[in-house]
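> Got a file for you: query_22.pdb, PDB, C-alpha atoms.
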```pdb
ATOM      1  CA  MET H   1     -40.358 -49.163-163.804
ATOM      2  CA  LYS H   2     -41.120 -48.940-160.077
ATOM      3  CA  LYS H   3     -38.338 -51.403-159.276
ATOM      4  CA  ILE H   4     -35.794 -49.419-161.313
ATOM      5  CA  LEU H   5     -36.804 -46.191-159.566
ATOM      6  CA  LEU H   6     -36.590 -47.869-156.147
ATOM      7  CA  VAL H   7     -33.112 -49.234-156.894
ATOM      8  CA  ALA H   8     -31.971 -45.785-158.099
ATOM      9  CA  VAL H   9     -33.303 -44.100-154.936
ATOM     10  CA  ILE H  10     -31.624 -46.677-152.689
ATOM     11  CA  ALA H  11     -28.336 -46.285-154.584
ATOM     12  CA  VAL H  12     -28.412 -42.494-154.234
ATOM     13  CA  MET H  13     -29.316 -42.737-150.541
ATOM     14  CA  SER H  14     -26.475 -45.155-149.848
ATOM     15  CA  LEU H  15     -23.994 -42.943-151.681
ATOM     16  CA  THR H  16     -25.132 -39.800-149.881
ATOM     17  CA  ALA H  17     -24.540 -41.475-146.526
ATOM     18  CA  SER H  18     -20.850 -40.900-147.224
ATOM     19  CA  ALA H  19     -19.266 -37.458-146.912
ATOM     20  CA  GLN H  20     -17.721 -37.814-150.379
ATOM     21  CA  VAL H  21     -20.802 -37.336-152.551
ATOM     22  CA  TYR H  22     -21.739 -34.130-154.332
ATOM     23  CA  LEU H  23     -24.960 -33.181-156.085
ATOM     24  CA  GLY H  24     -25.508 -30.247-158.357
ATOM     25  CA  GLY H  25     -25.772 -29.358-161.964
ATOM     26  CA  SER H  26     -26.776 -26.513-164.196
ATOM     27  CA  LEU H  27     -29.792 -25.210-166.021
ATOM     28  CA  GLY H  28     -30.409 -22.715-168.758
ATOM     29  CA  THR H  29     -33.095 -21.185-170.900
ATOM     30  CA  TRP H  30     -33.037 -19.004-173.989
ATOM     31  CA  ARG H  31     -35.774 -17.285-175.969
ATOM     32  CA  ASN H  32     -35.325 -15.575-179.337
ATOM     33  CA  TYR H  33     -38.557 -13.749-180.176
ATOM     34  CA  ASP H  34     -37.442 -12.726-183.669
ATOM     35  CA  ALA H  35     -36.684 -16.309-184.754
ATOM     36  CA  ASN H  36     -39.484 -17.832-182.623
ATOM     37  CA  THR H  37     -37.125 -20.253-180.851
ATOM     38  CA  THR H  38     -36.948 -21.375-177.237
ATOM     39  CA  SER H  39     -34.579 -23.746-175.457
ATOM     40  CA  VAL H  40     -34.592 -25.142-171.922
ATOM     41  CA  THR H  41     -31.802 -27.309-170.503
ATOM     42  CA  ILE H  42     -31.765 -29.083-167.134
ATOM     43  CA  LEU H  43     -28.522 -30.950-166.336
ATOM     44  CA  PRO H  44     -28.467 -32.478-162.835
ATOM     45  CA  GLU H  45     -25.151 -34.003-161.782
ATOM     46  CA  VAL H  46     -24.008 -36.467-159.133
ATOM     47  CA  GLY H  47     -20.415 -37.282-158.284
ATOM     48  CA  TYR H  48     -18.235 -39.120-155.820
ATOM     49  CA  THR H  49     -14.912 -37.792-154.524
ATOM     50  CA  LEU H  50     -12.311 -40.580-154.505
ATOM     51  CA  SER H  51      -9.402 -38.539-153.073
ATOM     52  CA  ASP H  52      -8.189 -34.935-152.757
ATOM     53  CA  ASN H  53      -7.505 -34.825-156.497
ATOM     54  CA  TRP H  54      -9.806 -37.421-158.123
ATOM     55  CA  ALA H  55     -13.584 -37.694-158.496
ATOM     56  CA  ILE H  56     -16.035 -39.529-160.740
ATOM     57  CA  GLY H  57     -19.499 -38.404-161.721
ATOM     58  CA  THR H  58     -22.174 -38.181-164.336
ATOM     59  CA  VAL H  59     -24.597 -35.696-165.814
ATOM     60  CA  ILE H  60     -28.031 -36.972-166.780
ATOM     61  CA  GLY H  61     -30.110 -34.204-168.260
ATOM     62  CA  TRP H  62     -32.992 -33.081-170.430
ATOM     63  CA  ASN H  63     -33.077 -30.598-173.301
ATOM     64  CA  TYR H  64     -36.140 -29.026-174.899
ATOM     65  CA  ARG H  65     -36.083 -26.890-178.023
ATOM     66  CA  TYR H  66     -38.919 -25.188-179.874
ATOM     67  CA  ASN H  67     -38.180 -23.862-183.339
ATOM     68  CA  ALA H  68     -40.996 -22.357-185.426
ATOM     69  CA  GLY H  69     -43.594 -24.975-184.544
ATOM     70  CA  GLN H  70     -41.308 -27.999-184.087
ATOM     71  CA  LYS H  71     -40.775 -29.353-180.577
ATOM     72  CA  TYR H  72     -37.562 -31.236-179.840
ATOM     73  CA  ASN H  73     -36.939 -33.259-176.661
ATOM     74  CA  GLY H  74     -33.633 -34.857-175.828
ATOM     75  CA  LEU H  75     -31.694 -36.755-173.168
ATOM     76  CA  THR H  76     -28.022 -36.261-172.276
ATOM     77  CA  VAL H  77     -25.831 -38.765-170.388
ATOM     78  CA  ALA H  78     -22.235 -37.742-169.737
ATOM     79  CA  PRO H  79     -20.074 -39.715-167.269
ATOM     80  CA  TYR H  80     -16.663 -38.254-166.415
ATOM     81  CA  VAL H  81     -13.509 -38.532-164.328
ATOM     82  CA  ARG H  82     -12.356 -35.285-162.674
ATOM     83  CA  TYR H  83      -8.740 -34.465-161.822
ATOM     84  CA  THR H  84      -8.094 -31.392-159.661
ATOM     85  CA  PHE H  85      -4.574 -30.209-160.417
ATOM     86  CA  LEU H  86      -4.446 -26.844-158.620
ATOM     87  CA  LYS H  87      -5.845 -25.792-155.229
ATOM     88  CA  LEU H  88      -5.616 -22.187-154.070
ATOM     89  CA  ASP H  89      -7.489 -21.540-150.799
ATOM     90  CA  ASN H  90     -11.154 -21.753-151.875
ATOM     91  CA  VAL H  91     -10.494 -22.120-155.614
ATOM     92  CA  ASN H  92      -9.881 -25.448-157.363
ATOM     93  CA  VAL H  93      -8.837 -25.783-161.007
ATOM     94  CA  PHE H  94      -9.759 -29.117-162.585
ATOM     95  CA  VAL H  95     -10.243 -30.967-165.840
ATOM     96  CA  ASP H  96     -13.035 -33.458-166.593
ATOM     97  CA  GLY H  97     -12.303 -36.275-168.998
ATOM     98  CA  GLY H  98     -15.345 -38.070-170.245
ATOM     99  CA  PHE H  99     -17.816 -39.279-172.789
ATOM    100  CA  GLY H 100     -21.129 -37.606-173.582
ATOM    101  CA  PHE H 101     -24.101 -39.078-175.420
ATOM    102  CA  TYR H 102     -27.196 -37.176-176.533
ATOM    103  CA  THR H 103     -30.344 -38.443-178.180
ATOM    104  CA  GLY H 104     -33.368 -36.409-179.120
ATOM    105  CA  LYS H 105     -36.438 -36.539-181.311
ATOM    106  CA  VAL H 106     -38.740 -34.235-183.219
ATOM    107  CA  LYS H 107     -42.218 -35.691-183.667
ATOM    108  CA  GLY H 108     -42.500 -37.293-187.105
ATOM    109  CA  PHE H 109     -38.715 -37.525-187.682
ATOM    110  CA  ASP H 110     -35.959 -40.007-186.857
ATOM    111  CA  ALA H 111     -34.047 -39.666-183.592
ATOM    112  CA  GLN H 112     -30.939 -37.459-183.590
ATOM    113  CA  ASN H 113     -27.928 -39.043-181.868
ATOM    114  CA  GLU H 114     -24.673 -37.338-180.940
ATOM    115  CA  TRP H 115     -21.606 -38.179-178.918
ATOM    116  CA  GLU H 116     -18.413 -36.555-177.749
ATOM    117  CA  VAL H 117     -15.246 -37.656-176.015
ATOM    118  CA  GLY H 118     -12.739 -35.227-174.595
ATOM    119  CA  LEU H 119     -11.594 -32.875-171.866
ATOM    120  CA  LYS H 120     -13.464 -29.982-170.224
ATOM    121  CA  PRO H 121     -11.406 -27.666-168.008
ATOM    122  CA  GLY H 122     -13.142 -25.952-165.118
ATOM    123  CA  VAL H 123     -12.923 -23.935-161.926
ATOM    124  CA  ALA H 124     -14.700 -24.567-158.614
ATOM    125  CA  VAL H 125     -15.053 -21.827-156.021
ATOM    126  CA  ASN H 126     -15.890 -23.217-152.584
ATOM    127  CA  LEU H 127     -18.390 -20.716-151.161
ATOM    128  CA  THR H 128     -18.763 -22.703-147.925
ATOM    129  CA  ASP H 129     -17.676 -26.146-146.723
ATOM    130  CA  LYS H 130     -20.785 -27.593-148.375
ATOM    131  CA  LEU H 131     -21.557 -25.303-151.339
ATOM    132  CA  SER H 132     -19.425 -24.738-154.462
ATOM    133  CA  PHE H 133     -19.876 -22.613-157.570
ATOM    134  CA  VAL H 134     -18.538 -24.532-160.587
ATOM    135  CA  THR H 135     -17.888 -23.469-164.162
ATOM    136  CA  HIS H 136     -16.607 -25.335-167.210
ATOM    137  CA  VAL H 137     -14.759 -23.168-169.716
ATOM    138  CA  GLY H 138     -14.306 -25.126-172.918
ATOM    139  CA  PHE H 139     -13.880 -28.463-174.651
ATOM    140  CA  LEU H 140     -10.976 -30.313-176.283
ATOM    141  CA  GLY H 141     -11.865 -33.532-178.064
ATOM    142  CA  TYR H 142     -13.938 -35.217-180.748
ATOM    143  CA  ARG H 143     -17.647 -34.776-181.560
ATOM    144  CA  LYS H 144     -19.924 -36.636-183.978
ATOM    145  CA  ALA H 145     -23.628 -36.224-184.789
ATOM    146  CA  ASP H 146     -26.127 -37.926-187.102
ATOM    147  CA  ASP H 147     -26.932 -34.464-188.457
ATOM    148  CA  ALA H 148     -24.454 -31.801-187.305
ATOM    149  CA  ALA H 149     -26.831 -28.994-188.278
ATOM    150  CA  LEU H 150     -29.211 -30.130-185.527
ATOM    151  CA  GLY H 151     -26.464 -30.813-182.996
ATOM    152  CA  VAL H 152     -26.443 -29.595-179.421
ATOM    153  CA  PHE H 153     -22.766 -30.441-178.798
ATOM    154  CA  GLY H 154     -21.427 -28.460-181.764
ATOM    155  CA  ASN H 155     -19.773 -29.231-185.083
ATOM    156  CA  ASP H 156     -18.460 -32.685-186.021
ATOM    157  CA  GLY H 157     -14.751 -33.320-185.824
ATOM    158  CA  PHE H 158     -11.783 -32.827-183.541
ATOM    159  CA  GLY H 159     -10.889 -29.514-181.999
ATOM    160  CA  PHE H 160     -10.772 -27.028-179.164
ATOM    161  CA  ASP H 161     -13.821 -24.917-178.336
ATOM    162  CA  LEU H 162     -13.412 -21.909-176.062
ATOM    163  CA  ASP H 163     -16.365 -19.600-176.618
ATOM    164  CA  GLY H 164     -19.536 -18.539-174.844
ATOM    165  CA  ASN H 165     -21.400 -21.635-176.048
ATOM    166  CA  ALA H 166     -18.900 -23.878-174.256
ATOM    167  CA  LEU H 167     -19.267 -22.016-170.927
ATOM    168  CA  THR H 168     -21.472 -23.535-168.213
ATOM    169  CA  PHE H 169     -22.196 -22.544-164.618
ATOM    170  CA  GLY H 170     -23.575 -24.620-161.779
ATOM    171  CA  LEU H 171     -23.838 -25.118-158.038
ATOM    172  CA  TYR H 172     -22.751 -28.244-156.161
ATOM    173  CA  TYR H 173     -23.731 -29.352-152.687
ATOM    174  CA  ASN H 174     -21.097 -31.502-150.969
ATOM    175  CA  PHE H 175     -22.400 -34.051-148.432
TER     176      PHE H 175
END
```
Step by step, read the file and then write its structure as structure tokens.

Amino acid sequence: MKKILLVAVIAVMSLTASAQVYLGGSLGTWRNYDANTTSVTILPEVGYTLSDNWAIGTVIGWNYRYNAGQKYNGLTVAPYVRYTFLKLDNVNVFVDGGFGFYTGKVKGFDAQNEWEVGLKPGVAVNLTDKLSFVTHVGFLGYRKADDAALGVFGNDGFGFDLDGNALTFGLYYNF
């Protein structure tokens, strides 16, 4: 385990030596007192800018849910390719194409696995040369879960999702 962590730290340090790396992500929490539910999501993100229009990156995050006595922990991995198709001063409009995988477990039950493949449009507002505010505003693609009722990605099937549940906000620091 120590060797894997050391290799990961060295890889991140070598990537951040370049001016083309960005780090960021998003986090969220929700508490419903009436239903006795709580959720916490932490989604750090690292990416590498290949050119003015193309970047690659991945989200590796953690999700915790508490629902009436049951505790649910999960892991999300979602690599993507980003294409920026419109640049207006400090605003960039982009689309991420990628694959997301989620696995989680409630103690005493089988693991819940989900995956998605599709496109997520977004907008980045460059606050400074180094700091950007980024939002994703939907999803177009395919989703599948072992048990869709427990899913964090949404319902099974193909479609377009443009609602408040598909909206994320985050900050990125550009090296």
> Calculate how many Å separate atom CA of Glu114 of chain H from atom CA of Arg143 of chain H, rounding to one decimal.
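About the pair atom CA of Glu114 of chain H and atom CA of Arg143 of chain H: they are 7.5 Å apart.
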> Would you translate the PyMOL selection byres ((chain H and resi 157) around 12) into the concrete set of residues it matches in this file, as a count of residues only?
20
> Quick one: apply the PyMOL selection byres ((chain H and resi 98-102) around 10) to the file and drop the selected residues here as a PyMOL selection string.
chain H and resi 56-63+74-82+95-97+103-104+112-120+141-145+151-153
> List the residues matched by the PyMOL selection byres ((chain H and resi 169) around 6) in the displayed structure as a VMD selection string, ordered by chain and then by residue number.
chain H and resid 134 to 135 168 170
> Atom CA of Val137 of chain H to atom CA of Lys105 of chain H: how many Å, to one decimal?
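Computed distance, atom CA of Val137 of chain H to atom CA of Lys105 of chain H, equals 28.0 Å.
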> Quick one: residues within 12 Å of (-10.8, -22.0, -148.3) (file frame), counting all atoms listed in the file, please, as an MDAnalysis selection string.
chainID H and resid 87:92 124:132
> With all atoms listed in the file as the counted atoms, please give the residues lying no more than 10 Å from Trp30 of chain H, apart from itself and same-chain residues fewer than 5 positions off, as a list in words.
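Neighbouring residues, sequence-local ones excluded: Thr37, Thr38, Ser39, Val40, Thr41 and Arg65 of chain H.
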> As an exercise, work out the distance from atom CA of Tyr48 of chain H to atom CA of Leu23 of chain H in Å and give it to one decimal place.
9.0 Å
> For a quick check of understanding, using only C-alpha atoms, which of H:Gln20, H:Thr29, H:Asn36, H:Asn174 has the smallest distance to Lys71 of chain H?
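Ranked by minimum distance to Lys71 of chain H, first place goes to H:Asn36.
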> Which one is closest to Phe133 of chain H: H:Ala111, H:Glu45, H:Gly25, H:Leu162? Count only C-alpha atoms.
H:Gly25
> Set the distance at 6 Å and use all atoms listed in the file: which residues neighbour Tyr83 of chain H once local chain neighbours fewer than 4 positions away are removed? I'd like the list as an MDAnalysis selection string.
chainID H and resid 53:54 94:95
> With distances taken over all atoms listed in the file, which of H:Tyr66, H:Leu167, H:Phe109, H:Phe139 is nearest to Tyr33 of chain H?
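Ranked by minimum distance to Tyr33 of chain H, first place goes to H:Tyr66.
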> Give the answer as one residue: which of H:Tyr173, H:Ser51, H:Asp110, H:Leu27 has the shortest atom-to-atom distance to Asp147 of chain H, using all atoms listed in the file?
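Checking each of H:Tyr173, H:Ser51, H:Asp110, H:Leu27 against Asp147 of chain H, counting all atoms listed in the file, the winner is H:Asp110.
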